[in-house]
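> I am sharing input24.csv, which consists of CSV, C-alpha atoms and all ligand atoms:
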```csv
chain,number,residue,atom,x,y,z
J,97,MET,CA,80.2,91.9,96.6
J,98,GLU,CA,79.0,88.9,98.5
J,99,LYS,CA,75.8,86.9,97.9
J,100,ILE,CA,74.7,85.0,101.1
J,101,ARG,CA,71.9,82.5,100.9
J,102,VAL,CA,69.5,82.4,103.9
J,103,ASN,CA,67.9,78.9,103.9
J,104,ALA,CA,64.7,79.8,105.6
J,105,LEU,CA,61.5,78.0,104.8
J,106,ARG,CA,61.3,80.3,101.8
J,107,PRO,CA,65.0,80.8,101.0
J,108,TYR,CA,66.4,84.2,99.8
J,109,ASP,CA,69.7,85.9,99.0
J,110,VAL,CA,71.3,88.8,100.8
J,111,LEU,CA,73.6,90.9,98.6
J,112,VAL,CA,76.3,92.7,100.6
J,113,GLY,CA,78.8,95.2,99.3
J,114,ALA,CA,79.4,98.8,98.2
J,115,GLY,CA,77.2,99.6,95.3
J,116,VAL,CA,74.8,96.6,95.4
J,117,LEU,CA,71.9,98.8,94.7
J,118,GLY,CA,73.2,98.9,91.2
J,119,ASN,CA,71.9,95.4,90.9
J,120,LEU,CA,68.2,96.4,91.3
J,121,GLY,CA,66.1,95.7,88.2
J,122,LYS,CA,62.9,97.4,87.1
J,123,ASP,CA,59.9,96.6,89.3
J,124,LYS,CA,57.3,99.2,88.6
J,125,ARG,CA,54.3,97.9,90.6
J,126,SER,CA,56.1,98.5,93.8
J,127,ILE,CA,55.8,100.7,96.9
J,128,VAL,CA,59.0,102.1,98.4
J,129,ILE,CA,58.4,102.7,102.1
J,130,THR,CA,61.0,104.7,103.9
J,131,GLN,CA,61.8,107.2,106.7
J,132,PRO,CA,63.3,110.8,106.5
J,133,GLY,CA,66.8,109.6,107.4
J,134,ALA,CA,66.9,107.2,104.5
J,135,ARG,CA,65.2,109.5,101.9
J,136,ALA,CA,68.1,109.8,99.6
J,137,VAL,CA,68.6,106.0,99.4
J,138,ALA,CA,64.8,105.6,98.9
J,139,GLU,CA,64.9,108.0,96.0
J,140,LYS,CA,67.7,106.1,94.5
J,141,VAL,CA,65.8,102.8,94.9
J,142,ARG,CA,62.7,104.4,93.5
J,143,ASN,CA,64.5,105.6,90.4
J,144,ALA,CA,66.3,102.3,89.9
J,145,ILE,CA,63.1,100.2,90.0
J,146,GLY,CA,60.8,102.8,88.6
J,147,ALA,CA,58.4,102.3,91.5
J,148,LYS,CA,55.0,103.7,91.2
J,149,TRP,CA,54.6,104.6,94.8
J,150,LEU,CA,56.7,106.2,97.5
J,151,TYR,CA,55.6,106.4,101.1
J,152,GLU,CA,57.4,108.1,104.0
J,153,LEU,CA,56.8,107.0,107.6
J,154,PRO,CA,57.7,109.3,110.5
J,155,ASP,CA,61.3,108.8,111.8
J,156,GLY,CA,62.4,106.3,114.4
J,157,GLU,CA,60.1,104.4,116.7
J,158,LYS,CA,57.3,106.7,115.8
J,159,ALA,CA,56.9,104.6,112.6
J,160,LYS,CA,56.3,101.4,114.6
J,161,THR,CA,52.7,101.9,115.6
J,162,LEU,CA,49.4,100.4,114.5
J,163,GLU,CA,48.2,103.9,113.7
J,164,GLU,CA,51.1,104.3,111.2
J,165,VAL,CA,50.4,100.9,109.7
J,166,ARG,CA,46.7,101.7,109.4
J,167,LYS,CA,47.6,104.8,107.4
J,168,LEU,CA,49.7,102.6,105.1
J,169,TYR,CA,46.7,100.3,104.6
J,170,GLU,CA,44.6,103.3,103.7
J,171,PHE,CA,47.2,104.5,101.3
J,172,ALA,CA,47.5,101.1,99.7
J,173,LEU,CA,43.7,100.6,99.4
J,174,SER,CA,43.1,104.0,97.9
J,175,ASN,CA,45.9,103.6,95.4
J,176,GLY,CA,44.8,100.2,94.2
J,177,ILE,CA,47.8,98.4,95.5
J,178,GLU,CA,47.4,94.6,95.0
J,179,ARG,CA,48.6,91.5,96.7
J,180,LYS,CA,51.2,90.8,94.1
J,181,ASP,CA,52.7,94.3,94.1
J,182,LYS,CA,55.9,94.6,96.0
J,183,VAL,CA,57.1,96.4,99.1
J,184,TYR,CA,60.6,97.8,99.2
J,185,ALA,CA,61.4,98.7,102.8
J,186,VAL,CA,64.2,101.2,102.7
J,187,GLY,CA,65.6,102.4,106.0
J,188,GLY,CA,66.9,101.5,109.4
J,189,GLY,CA,65.3,98.8,111.7
J,190,CYS,CA,62.3,101.0,112.4
J,191,ALA,CA,61.3,101.4,108.7
J,192,GLY,CA,62.0,97.7,108.1
J,193,ASP,CA,59.9,96.5,111.0
J,194,ALA,CA,56.9,98.7,110.2
J,195,ALA,CA,57.0,98.3,106.4
J,196,GLY,CA,57.7,94.6,106.8
J,197,PHE,CA,54.6,94.3,109.1
J,198,PHE,CA,52.5,96.1,106.6
J,199,ALA,CA,53.8,93.7,103.8
J,200,ALA,CA,53.2,90.7,106.0
J,201,THR,CA,49.5,91.6,106.7
J,202,TYR,CA,48.1,93.6,103.8
J,203,MET,CA,46.0,91.2,101.7
J,204,ARG,CA,47.6,88.4,103.9
J,205,GLY,CA,51.0,89.1,102.6
J,206,MET,CA,52.8,90.9,99.8
J,207,PRO,CA,56.3,90.2,98.4
J,208,LEU,CA,58.9,92.1,100.5
J,209,VAL,CA,62.4,93.4,99.7
J,210,HIS,CA,64.5,94.8,102.5
J,211,VAL,CA,67.0,97.6,101.8
J,212,PRO,CA,68.5,98.2,105.2
J,213,THR,CA,70.3,101.5,105.5
J,214,THR,CA,71.8,101.5,109.1
J,215,ILE,CA,74.5,99.2,110.3
J,216,LEU,CA,72.0,97.8,112.9
J,217,ALA,CA,69.5,97.0,110.2
J,218,GLN,CA,72.3,95.4,108.0
J,219,VAL,CA,73.8,93.2,110.7
J,220,ASP,CA,70.5,92.4,112.4
J,221,SER,CA,67.0,93.4,111.6
J,222,GLY,CA,67.3,93.2,107.8
J,223,ILE,CA,67.4,89.4,108.0
J,224,GLY,CA,65.6,86.8,110.0
J,225,GLY,CA,62.1,87.9,109.1
J,226,LYS,CA,60.9,89.4,112.3
J,227,VAL,CA,58.6,92.4,111.6
J,228,GLY,CA,56.3,94.2,113.9
J,229,VAL,CA,55.2,97.3,115.8
J,230,ASN,CA,55.1,98.4,119.4
J,231,PHE,CA,51.9,98.5,121.4
J,232,GLY,CA,50.7,99.4,124.8
J,233,GLY,CA,54.2,100.5,125.9
J,234,ALA,CA,55.7,97.1,124.9
J,235,LYS,CA,58.2,96.9,122.1
J,236,ASN,CA,57.6,94.6,119.2
J,237,ILE,CA,54.6,93.0,120.9
J,238,VAL,CA,52.5,92.8,117.7
J,239,GLY,CA,54.2,91.3,114.7
J,240,ALA,CA,55.0,88.3,112.5
J,241,ILE,CA,57.8,86.2,111.2
J,242,TYR,CA,57.8,87.1,107.5
J,243,GLN,CA,60.8,86.5,105.3
J,244,PRO,CA,61.7,88.9,102.5
J,245,GLU,CA,62.3,87.6,99.0
J,246,ALA,CA,65.6,89.5,98.7
J,247,VAL,CA,67.8,91.9,100.8
J,248,TYR,CA,70.2,94.5,99.4
J,249,MET,CA,72.8,95.7,101.9
J,250,ASP,CA,74.7,98.5,100.2
J,251,ILE,CA,77.7,99.5,102.4
J,252,SER,CA,78.1,102.9,100.7
J,253,VAL,CA,74.7,104.1,102.1
J,254,LEU,CA,76.4,104.1,105.5
J,255,ALA,CA,78.6,107.1,104.6
J,256,GLY,CA,76.2,109.6,106.2
J,257,LEU,CA,75.2,107.5,109.2
J,258,PRO,CA,75.8,109.4,112.5
J,259,GLU,CA,78.6,107.8,114.5
J,260,LYS,CA,76.4,106.9,117.5
J,261,HIS,CA,74.4,104.7,115.1
J,262,LEU,CA,77.5,103.1,113.8
J,263,ARG,CA,78.6,102.1,117.3
J,264,ASN,CA,75.0,101.0,118.1
J,265,GLY,CA,75.0,98.5,115.2
J,266,LEU,CA,78.5,97.2,116.0
J,267,ALA,CA,77.2,96.1,119.4
J,268,GLU,CA,75.1,93.4,117.6
J,269,ALA,CA,78.1,92.3,115.4
J,270,ILE,CA,80.2,91.9,118.6
J,271,LYS,CA,77.4,89.8,120.0
J,272,TYR,CA,77.7,87.3,117.1
J,273,GLY,CA,81.4,87.0,117.7
J,274,LEU,CA,80.8,86.3,121.4
J,275,ILE,CA,78.0,83.8,121.1
J,276,LEU,CA,79.2,81.8,118.1
J,277,ASP,CA,82.3,82.8,116.3
J,278,ALA,CA,85.6,83.4,118.0
J,279,GLY,CA,87.4,84.1,114.7
J,280,PHE,CA,85.0,87.0,114.0
J,281,PHE,CA,85.5,88.3,117.5
J,282,GLY,CA,89.2,88.4,116.9
J,283,TYR,CA,88.7,90.2,113.6
J,284,LEU,CA,86.6,92.8,115.4
J,285,GLU,CA,89.2,93.3,118.0
J,286,LYS,CA,91.8,94.1,115.3
J,287,ASN,CA,89.5,96.2,113.0
J,288,VAL,CA,87.0,98.1,115.1
J,289,GLY,CA,89.0,101.3,114.6
J,290,LYS,CA,88.7,101.0,110.9
J,291,ALA,CA,85.0,100.2,111.1
J,292,LEU,CA,84.5,103.4,113.1
J,293,ALA,CA,86.4,105.3,110.4
J,294,LYS,CA,83.9,103.7,107.9
J,295,ASP,CA,86.5,101.7,106.0
J,296,GLU,CA,84.2,100.1,103.4
J,297,LYS,CA,86.1,96.8,103.1
J,298,VAL,CA,86.0,96.3,106.9
J,299,LEU,CA,82.3,97.2,107.1
J,300,GLU,CA,81.5,94.8,104.3
J,301,LYS,CA,83.3,92.0,106.0
J,302,ILE,CA,81.6,92.8,109.3
J,303,VAL,CA,78.1,93.0,107.7
J,304,ALA,CA,78.7,89.8,105.7
J,305,ASP,CA,80.0,87.8,108.6
J,306,SER,CA,77.1,89.0,110.8
J,307,VAL,CA,74.6,88.0,108.1
J,308,ARG,CA,76.2,84.6,107.9
J,309,ALA,CA,76.1,84.2,111.7
J,310,LYS,CA,72.5,85.3,112.0
J,311,ALA,CA,71.5,83.2,109.0
J,312,LYS,CA,73.1,80.1,110.5
J,313,VAL,CA,71.0,80.5,113.7
J,314,VAL,CA,67.8,81.4,111.9
J,315,GLU,CA,68.1,78.4,109.5
J,316,LYS,CA,68.2,76.1,112.5
J,317,ASP,CA,65.3,77.7,114.3
J,318,GLU,CA,63.3,80.1,112.2
J,319,PHE,CA,60.4,80.3,114.7
J,320,GLU,CA,62.4,80.7,117.8
J,321,SER,CA,61.9,77.5,119.8
J,322,GLY,CA,65.5,77.1,120.9
J,323,GLU,CA,68.7,78.0,119.0
J,324,ARG,CA,67.5,81.4,117.9
J,325,MET,CA,67.3,82.5,121.6
J,326,LYS,CA,71.1,82.7,121.5
J,327,LEU,CA,70.7,85.9,119.6
J,328,ASN,CA,69.3,87.3,122.8
J,329,TYR,CA,72.7,87.5,124.5
J,330,GLY,CA,72.9,90.7,126.5
J,331,HIS,CA,69.2,91.3,125.7
J,332,THR,CA,67.5,89.9,128.8
J,333,ILE,CA,69.1,92.6,131.0
J,334,GLY,CA,69.8,95.0,128.1
J,335,HIS,CA,66.1,95.4,127.2
J,336,GLY,CA,65.3,96.3,130.8
J,337,ILE,CA,68.0,99.0,130.7
J,338,GLU,CA,66.8,100.2,127.3
J,339,ALA,CA,63.2,100.6,128.5
J,340,VAL,CA,64.1,102.5,131.6
J,341,THR,CA,66.9,104.8,130.3
J,342,GLY,CA,65.8,105.3,126.6
J,343,MET,CA,69.4,104.6,125.5
J,344,LEU,CA,70.0,103.3,122.0
J,345,HIS,CA,69.4,99.6,121.7
J,346,GLY,CA,73.0,98.7,121.0
J,347,GLU,CA,74.2,100.8,123.9
J,348,ALA,CA,71.8,99.1,126.3
J,349,ILE,CA,72.8,95.7,124.9
J,350,ALA,CA,76.5,96.4,125.5
J,351,ILE,CA,75.7,97.0,129.2
J,352,GLY,CA,73.5,93.9,129.1
J,353,MET,CA,76.4,91.9,127.8
J,354,ALA,CA,78.7,93.4,130.5
J,355,ALA,CA,76.2,92.2,133.1
J,356,GLU,CA,75.2,88.8,131.6
J,357,ILE,CA,78.8,87.7,131.2
J,358,LEU,CA,79.1,88.0,135.0
J,359,VAL,CA,76.4,85.4,135.4
J,360,ALA,CA,78.4,83.0,133.2
J,361,LYS,CA,81.6,83.9,135.2
J,362,LYS,CA,79.9,83.1,138.5
J,363,LYS,CA,78.9,79.7,137.1
J,364,GLY,CA,82.6,79.1,136.1
J,365,LEU,CA,81.8,79.2,132.3
J,366,VAL,CA,84.1,82.1,131.4
J,367,SER,CA,87.4,83.4,132.9
J,368,GLU,CA,88.2,86.8,134.2
J,369,SER,CA,90.4,87.4,131.2
J,370,GLU,CA,87.5,86.6,128.8
J,371,VAL,CA,85.3,89.1,130.7
J,372,GLU,CA,88.1,91.6,130.1
J,373,ARG,CA,88.4,90.8,126.4
J,374,GLN,CA,84.7,91.3,125.9
J,375,ASN,CA,84.5,94.5,127.8
J,376,LYS,CA,87.7,96.0,126.2
J,377,LEU,CA,86.2,95.5,122.7
J,378,LEU,CA,82.9,97.1,123.8
J,379,GLU,CA,84.9,100.1,125.2
J,380,LYS,CA,87.0,100.4,122.1
J,381,THR,CA,83.8,100.5,120.1
J,382,GLY,CA,82.7,103.5,122.2
J,383,LEU,CA,79.9,101.5,123.9
J,384,PRO,CA,79.0,102.0,127.5
J,385,LEU,CA,79.5,99.3,130.2
J,386,LYS,CA,77.4,101.0,132.9
J,387,ALA,CA,74.1,102.9,133.1
J,388,LYS,CA,72.6,105.4,135.5
J,389,ALA,CA,69.2,103.8,136.4
J,390,SER,CA,67.3,102.5,139.4
J,391,LEU,CA,67.8,98.8,140.1
J,392,LYS,CA,64.1,98.5,141.0
J,393,GLU,CA,62.8,99.9,137.8
J,394,VAL,CA,65.1,97.9,135.6
J,395,MET,CA,64.2,94.7,137.5
J,396,ALA,CA,60.5,95.5,137.1
J,397,LYS,CA,61.0,95.8,133.3
J,398,ILE,CA,63.0,92.6,133.2
J,399,LYS,CA,60.2,90.8,135.0
J,400,SER,CA,57.6,92.0,132.4
J,401,ASP,CA,59.7,90.7,129.4
J,402,LYS,CA,57.6,88.8,126.9
J,403,LYS,CA,60.4,86.3,126.5
J,404,ARG,CA,60.0,85.0,130.1
J,405,SER,CA,58.3,81.7,130.7
J,406,GLN,CA,56.7,80.6,133.9
J,407,GLY,CA,58.0,83.5,135.8
J,408,LYS,CA,61.6,82.9,135.0
J,409,ALA,CA,64.1,84.5,132.6
J,410,ARG,CA,66.1,82.5,130.1
J,411,MET,CA,69.5,83.9,129.6
J,412,VAL,CA,72.3,83.3,127.1
J,413,LEU,CA,75.4,82.2,128.9
J,414,LEU,CA,78.8,82.4,127.2
J,415,GLU,CA,81.0,79.3,127.5
J,416,GLY,CA,84.2,81.1,126.6
J,417,ILE,CA,84.4,83.4,123.6
J,418,GLY,CA,82.6,82.1,120.6
J,419,LYS,CA,80.3,79.6,122.3
J,420,SER,CA,77.1,79.9,124.3
J,421,LYS,CA,74.0,78.1,125.7
J,422,VAL,CA,70.6,79.2,126.9
J,423,GLU,CA,69.6,78.5,130.6
J,424,GLU,CA,67.0,79.5,133.1
J,425,VAL,CA,68.4,81.9,135.7
J,426,GLU,CA,66.9,83.1,139.0
J,427,ASP,CA,65.9,86.7,139.4
J,428,ALA,CA,68.3,86.9,142.3
J,429,GLU,CA,71.2,86.1,140.0
J,430,ILE,CA,70.1,88.8,137.6
J,431,GLU,CA,69.8,91.4,140.5
J,432,GLU,CA,73.3,90.5,141.7
J,433,VAL,CA,75.0,91.3,138.4
J,434,LEU,CA,72.7,94.2,137.7
J,435,ARG,CA,74.1,95.9,140.7
J,436,GLU,CA,77.6,95.9,139.1
J,437,VAL,CA,76.5,97.7,136.0
J,438,LEU,CA,74.1,100.3,137.5
J,439,GLU,CA,75.3,103.5,139.1
X,1,LIG,N1,63.3,92.8,113.2
X,1,LIG,C1,64.4,92.5,113.9
X,1,LIG,O1,64.8,91.3,113.9
X,1,LIG,C2,65.1,93.5,114.7
X,1,LIG,C3,66.4,93.3,115.2
X,1,LIG,C4,67.0,94.3,115.8
X,1,LIG,C5,66.4,95.5,116.0
X,1,LIG,N2,65.1,95.7,115.5
X,1,LIG,C6,64.4,97.0,115.6
X,1,LIG,O2,65.2,98.0,114.9
X,1,LIG,C7,64.9,99.3,115.4
X,1,LIG,C8,66.2,100.1,115.5
X,1,LIG,O3,66.8,100.2,114.2
X,1,LIG,P1,67.9,101.3,113.9
X,1,LIG,O4,68.9,101.3,114.9
X,1,LIG,O5,68.3,101.1,112.5
X,1,LIG,O6,67.1,102.6,114.1
X,1,LIG,P2,66.3,103.6,113.1
X,1,LIG,O7,65.6,102.8,112.1
X,1,LIG,O8,65.6,104.5,114.0
X,1,LIG,O9,67.5,104.4,112.4
X,1,LIG,C9,68.3,105.2,113.1
X,1,LIG,C10,68.4,106.6,112.5
X,1,LIG,O10,69.2,106.6,111.4
X,1,LIG,C11,68.5,107.3,110.3
X,1,LIG,N3,69.0,106.7,109.1
X,1,LIG,C12,68.6,105.5,108.4
X,1,LIG,N4,69.4,105.3,107.4
X,1,LIG,C13,70.3,106.2,107.3
X,1,LIG,C14,71.5,106.5,106.5
X,1,LIG,N5,71.8,105.7,105.5
X,1,LIG,N6,72.2,107.6,106.7
X,1,LIG,C15,71.9,108.4,107.7
X,1,LIG,N7,70.9,108.2,108.6
X,1,LIG,C16,70.1,107.2,108.4
X,1,LIG,C17,67.1,107.0,110.6
X,1,LIG,O11,66.2,107.9,109.9
X,1,LIG,C18,67.0,107.2,112.1
X,1,LIG,O12,66.9,108.5,112.5
X,1,LIG,C19,64.2,99.0,116.7
X,1,LIG,O13,62.9,99.4,116.7
X,1,LIG,C20,64.4,97.6,117.0
X,1,LIG,O14,63.3,97.0,117.7
X,1,LIG,C21,64.5,94.7,114.8
X,2,ZN,ZN,69.4,93.5,119.5
```
Would you write out, as structure tokens, the structure that this file holds?
Ligand SMILES: NC(=O)c1ccc[n+]([C@@H]2O[C@H](COP(=O)([O-])OP(=O)(O)OC[C@H]3O[C@@H](n4cnc5c(N)ncnc54)[C@H](O)[C@@H]3O)[C@@H](O)[C@H]2O)c1
Ligand SMILES: [Zn+2]

Amino acid sequence: MEKIRVNALRPYDVLVGAGVLGNLGKDKRSIVITQPGARAVAEKVRNAIGAKWLYELPDGEKAKTLEEVRKLYEFALSNGIERKDKVYAVGGGCAGDAAGFFAATYMRGMPLVHVPTTILAQVDSGIGGKVGVNFGGAKNIVGAIYQPEAVYMDISVLAGLPEKHLRNGLAEAIKYGLILDAGFFGYLEKNVGKALAKDEKVLEKIVADSVRAKAKVVEKDEFESGERMKLNYGHTIGHGIEAVTGMLHGEAIAIGMAAEILVAKKKGLVSESEVERQNKLLEKTGLPLKAKASLKEVMAKIKSDKKRSQGKARMVLLEGIGKSKVEEVEDAEIEEVLREVLE
């Protein structure tokens, strides 16, 4: 088991390892909020802490709406849930985002514990404090930055996770290696086969290293004014592809990385062999490098991104493997590389 400290404004620990749910103590005045796919883990958490309330959101993105959060406020009010009671968000990124947003806003904020149950949620959404819902067709457009007081990442809960969700989460782990940790990238190159076979030791190392990587970035820039934008590698283009095709986030981000590395290559920041190294690992993980989508539609989505400023996209450019910077890029440069990944 590893204990990783995240030094946010309000610091907290992330426990990573098979069986860490065994460390939960009694916490009766709590509400466990979950989704159908994580029901078994939620029951386990509920029994361990003796939680008074259990609430199930609908599965996937359907949970991330103001309407679902409104129902949660109603449930909380009618059950006499108070400001000092605690929210345990048990599930993938969708449950974490919606339950976290509820925790951040009900009575101006309740204590929150994340129990991420997908690899994506463990390597990414479970830390960093971003919570929120979708609105008006835009993803994550209403939300907050609200840190949990603790996070429990139990590797053994991944046993039943469908393979496509395993690949999906690994895309974000690969991203950390590419933007800031060449050693971790090398580890993934050697061990991705074992990760896909759900070797617990390998998954624990991948989750722990990802948490450390994300924590390092978030600690420098909790409120996203600079450094944190690096986490957006592959996302400027990937989000556009995700919105148009409806692919899983990690799949779209893989294609986004395949495109964005070409912008860096054109600027002479990475070599052809580094492009190959990146793409080979993505392929080995079973992630796509190309999408079937219309260039016009994807460009329109990219242009409506909430992260643009003054009509320009900011993009993360690799400077070799394990190093990156953020720069403004022209839409024409985006279009040029987009052509290479759309078919
Ligand atoms: N807050 C952040 O910083 C942040 C970062 C990245 C992504 N996100 C958000 O995360 C969401 C995606 O998260 P996700 O990929 O975890 O999707 P998800 O929450 O929809 O989970 C994927 C599927 O796996 C099921 N599931 C959950 N735990 C399981 C388990 N242990 N075993 C078997 N099945 C299980 C779920 O019920 C769901 O059907 C997106 O909405 C995205 O915007 C947020
Ligand atoms: Zn992402």
> Write out as a ChimeraX atom specification each polymer residue whose atoms come within 7 Å of stretch 369-372 of chain J, counting all atoms listed in the file; drop sequence neighbours fewer than 4 positions from it.
/J:357,376,416-417
> To one decimal place, how far is atom CA of J:Trp149 from atom CA of J:Leu120 in Å?
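It comes out at 16.3 Å.
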> Between chain J and ligand LIG 1 (chain X), at 8 Å or less, what are the per-residue closest atom pairs and their distances in Å? Count all atoms listed in the file, order by chain and rising residue number, and return it as CSV.

```
residue,atom,partner,partner_atom,distance
J:Gln131,CA,X:LIG1,O11,5.5
J:Pro132,CA,X:LIG1,O11,5.3
J:Gly133,CA,X:LIG1,O11,3.1
J:Ala134,CA,X:LIG1,N4,4.3
J:Val137,CA,X:LIG1,N5,6.9
J:Asp155,CA,X:LIG1,O11,5.3
J:Gly156,CA,X:LIG1,O8,3.7
J:Glu157,CA,X:LIG1,O13,5.7
J:Lys160,CA,X:LIG1,O13,7.2
J:Gly187,CA,X:LIG1,C12,4.9
J:Gly188,CA,X:LIG1,O7,3.3
J:Gly189,CA,X:LIG1,O3,3.2
J:Cys190,CA,X:LIG1,O7,3.8
J:Ala191,CA,X:LIG1,O7,5.7
J:Gly192,CA,X:LIG1,N1,7.2
J:Asp193,CA,X:LIG1,N1,5.5
J:Pro212,CA,X:LIG1,N4,7.5
J:Thr213,CA,X:LIG1,N4,4.3
J:Thr214,CA,X:LIG1,N4,4.8
J:Ile215,CA,X:LIG1,O5,6.8
J:Leu216,CA,X:LIG1,O5,5.0
J:Ala217,CA,X:LIG1,O5,4.9
J:Asp220,CA,X:LIG1,C3,5.0
J:Ser221,CA,X:LIG1,C1,3.6
J:Gly222,CA,X:LIG1,N1,6.7
J:Ile223,CA,X:LIG1,O1,6.7
J:Gly224,CA,X:LIG1,O1,6.0
J:Gly225,CA,X:LIG1,O1,6.5
J:Lys226,CA,X:LIG1,N1,4.3
J:Val227,CA,X:LIG1,N1,5.0
J:Gly228,CA,X:LIG1,N1,7.2
J:Lys235,CA,X:LIG1,O14,6.7
J:Asn236,CA,X:LIG1,O14,6.4
J:Val253,CA,X:LIG1,N5,4.7
J:Leu254,CA,X:LIG1,N5,4.9
J:Ala255,CA,X:LIG1,N6,6.8
J:Gly256,CA,X:LIG1,N6,4.5
J:Leu257,CA,X:LIG1,C15,3.7
J:Pro258,CA,X:LIG1,C15,6.3
J:His261,CA,X:LIG1,C9,6.4
J:Asn264,CA,X:LIG1,O4,6.9
J:Gly265,CA,X:LIG1,O4,6.7
J:Leu344,CA,X:LIG1,O4,7.5
J:His345,CA,X:LIG1,C8,7.0
J:Gly346,CA,X:LIG1,O4,7.8
```
> Using the selection just defined, write its residues with C-alpha atoms as a PDB file, in the coordinates of the input.

```pdb
ATOM      1  CA  GLN J 131      61.800 107.200 106.700  1.00  0.00           C
ATOM      2  CA  PRO J 132      63.300 110.800 106.500  1.00  0.00           C
ATOM      3  CA  GLY J 133      66.800 109.600 107.400  1.00  0.00           C
ATOM      4  CA  ALA J 134      66.900 107.200 104.500  1.00  0.00           C
ATOM      5  CA  VAL J 137      68.600 106.000  99.400  1.00  0.00           C
ATOM      6  CA  ASP J 155      61.300 108.800 111.800  1.00  0.00           C
ATOM      7  CA  GLY J 156      62.400 106.300 114.400  1.00  0.00           C
ATOM      8  CA  GLU J 157      60.100 104.400 116.700  1.00  0.00           C
ATOM      9  CA  LYS J 160      56.300 101.400 114.600  1.00  0.00           C
ATOM     10  CA  GLY J 187      65.600 102.400 106.000  1.00  0.00           C
ATOM     11  CA  GLY J 188      66.900 101.500 109.400  1.00  0.00           C
ATOM     12  CA  GLY J 189      65.300  98.800 111.700  1.00  0.00           C
ATOM     13  CA  CYS J 190      62.300 101.000 112.400  1.00  0.00           C
ATOM     14  CA  ALA J 191      61.300 101.400 108.700  1.00  0.00           C
ATOM     15  CA  GLY J 192      62.000  97.700 108.100  1.00  0.00           C
ATOM     16  CA  ASP J 193      59.900  96.500 111.000  1.00  0.00           C
ATOM     17  CA  PRO J 212      68.500  98.200 105.200  1.00  0.00           C
ATOM     18  CA  THR J 213      70.300 101.500 105.500  1.00  0.00           C
ATOM     19  CA  THR J 214      71.800 101.500 109.100  1.00  0.00           C
ATOM     20  CA  ILE J 215      74.500  99.200 110.300  1.00  0.00           C
ATOM     21  CA  LEU J 216      72.000  97.800 112.900  1.00  0.00           C
ATOM     22  CA  ALA J 217      69.500  97.000 110.200  1.00  0.00           C
ATOM     23  CA  ASP J 220      70.500  92.400 112.400  1.00  0.00           C
ATOM     24  CA  SER J 221      67.000  93.400 111.600  1.00  0.00           C
ATOM     25  CA  GLY J 222      67.300  93.200 107.800  1.00  0.00           C
ATOM     26  CA  ILE J 223      67.400  89.400 108.000  1.00  0.00           C
ATOM     27  CA  GLY J 224      65.600  86.800 110.000  1.00  0.00           C
ATOM     28  CA  GLY J 225      62.100  87.900 109.100  1.00  0.00           C
ATOM     29  CA  LYS J 226      60.900  89.400 112.300  1.00  0.00           C
ATOM     30  CA  VAL J 227      58.600  92.400 111.600  1.00  0.00           C
ATOM     31  CA  GLY J 228      56.300  94.200 113.900  1.00  0.00           C
ATOM     32  CA  LYS J 235      58.200  96.900 122.100  1.00  0.00           C
ATOM     33  CA  ASN J 236      57.600  94.600 119.200  1.00  0.00           C
ATOM     34  CA  VAL J 253      74.700 104.100 102.100  1.00  0.00           C
ATOM     35  CA  LEU J 254      76.400 104.100 105.500  1.00  0.00           C
ATOM     36  CA  ALA J 255      78.600 107.100 104.600  1.00  0.00           C
ATOM     37  CA  GLY J 256      76.200 109.600 106.200  1.00  0.00           C
ATOM     38  CA  LEU J 257      75.200 107.500 109.200  1.00  0.00           C
ATOM     39  CA  PRO J 258      75.800 109.400 112.500  1.00  0.00           C
ATOM     40  CA  HIS J 261      74.400 104.700 115.100  1.00  0.00           C
ATOM     41  CA  ASN J 264      75.000 101.000 118.100  1.00  0.00           C
ATOM     42  CA  GLY J 265      75.000  98.500 115.200  1.00  0.00           C
ATOM     43  CA  LEU J 344      70.000 103.300 122.000  1.00  0.00           C
ATOM     44  CA  HIS J 345      69.400  99.600 121.700  1.00  0.00           C
ATOM     45  CA  GLY J 346      73.000  98.700 121.000  1.00  0.00           C
TER      46      GLY J 346
END
```
> Find the distance between atom CA of J:Asp250 and atom CA of J:Val116 and write it in Å to one decimal.
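About the pair atom CA of J:Asp250 and atom CA of J:Val116: they are 5.2 Å apart.
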> Go through J:Lys148, J:Arg324, J:His210, J:Lys167 and flag the residue nearest J:Thr130, using all atoms listed in the file for the distances.
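That would be J:His210, the residue with the smallest distance to J:Thr130.
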> For ligand ZN 2 (chain X), which residue among J:Lys380, J:Lys399, J:Lys326, J:Lys122 is the nearest when counting all atoms listed in the file?
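With all atoms listed in the file as the atom set, the closest residue is J:Lys326.
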> Between J:Leu434, J:Val298, J:Ala195, J:Leu377, which one has atoms that come closest to J:Ile351, using all atoms listed in the file?
J:Leu434
> From the list J:Ala348, J:Ile333, J:Leu299, J:Val366, which residue is nearest J:Glu429 when using all atoms listed in the file?
J:Ile333
> Please provide the set of residues having any atom within 9 Å of J:Val359, restricted to all atoms listed in the file, with same-chain residues fewer than 4 positions apart removed, written as an MDAnalysis selection string.
chainID J and resid 355 363:365 413 425 429:430 432:433
> With C-alpha atoms kept, could you save the residues just selected as a PDB file, in the coordinates of the input?

```pdb
ATOM      1  CA  ALA J 355      76.200  92.200 133.100  1.00  0.00           C
ATOM      2  CA  LYS J 363      78.900  79.700 137.100  1.00  0.00           C
ATOM      3  CA  GLY J 364      82.600  79.100 136.100  1.00  0.00           C
ATOM      4  CA  LEU J 365      81.800  79.200 132.300  1.00  0.00           C
ATOM      5  CA  LEU J 413      75.400  82.200 128.900  1.00  0.00           C
ATOM      6  CA  VAL J 425      68.400  81.900 135.700  1.00  0.00           C
ATOM      7  CA  GLU J 429      71.200  86.100 140.000  1.00  0.00           C
ATOM      8  CA  ILE J 430      70.100  88.800 137.600  1.00  0.00           C
ATOM      9  CA  GLU J 432      73.300  90.500 141.700  1.00  0.00           C
ATOM     10  CA  VAL J 433      75.000  91.300 138.400  1.00  0.00           C
TER      11      VAL J 433
END
```
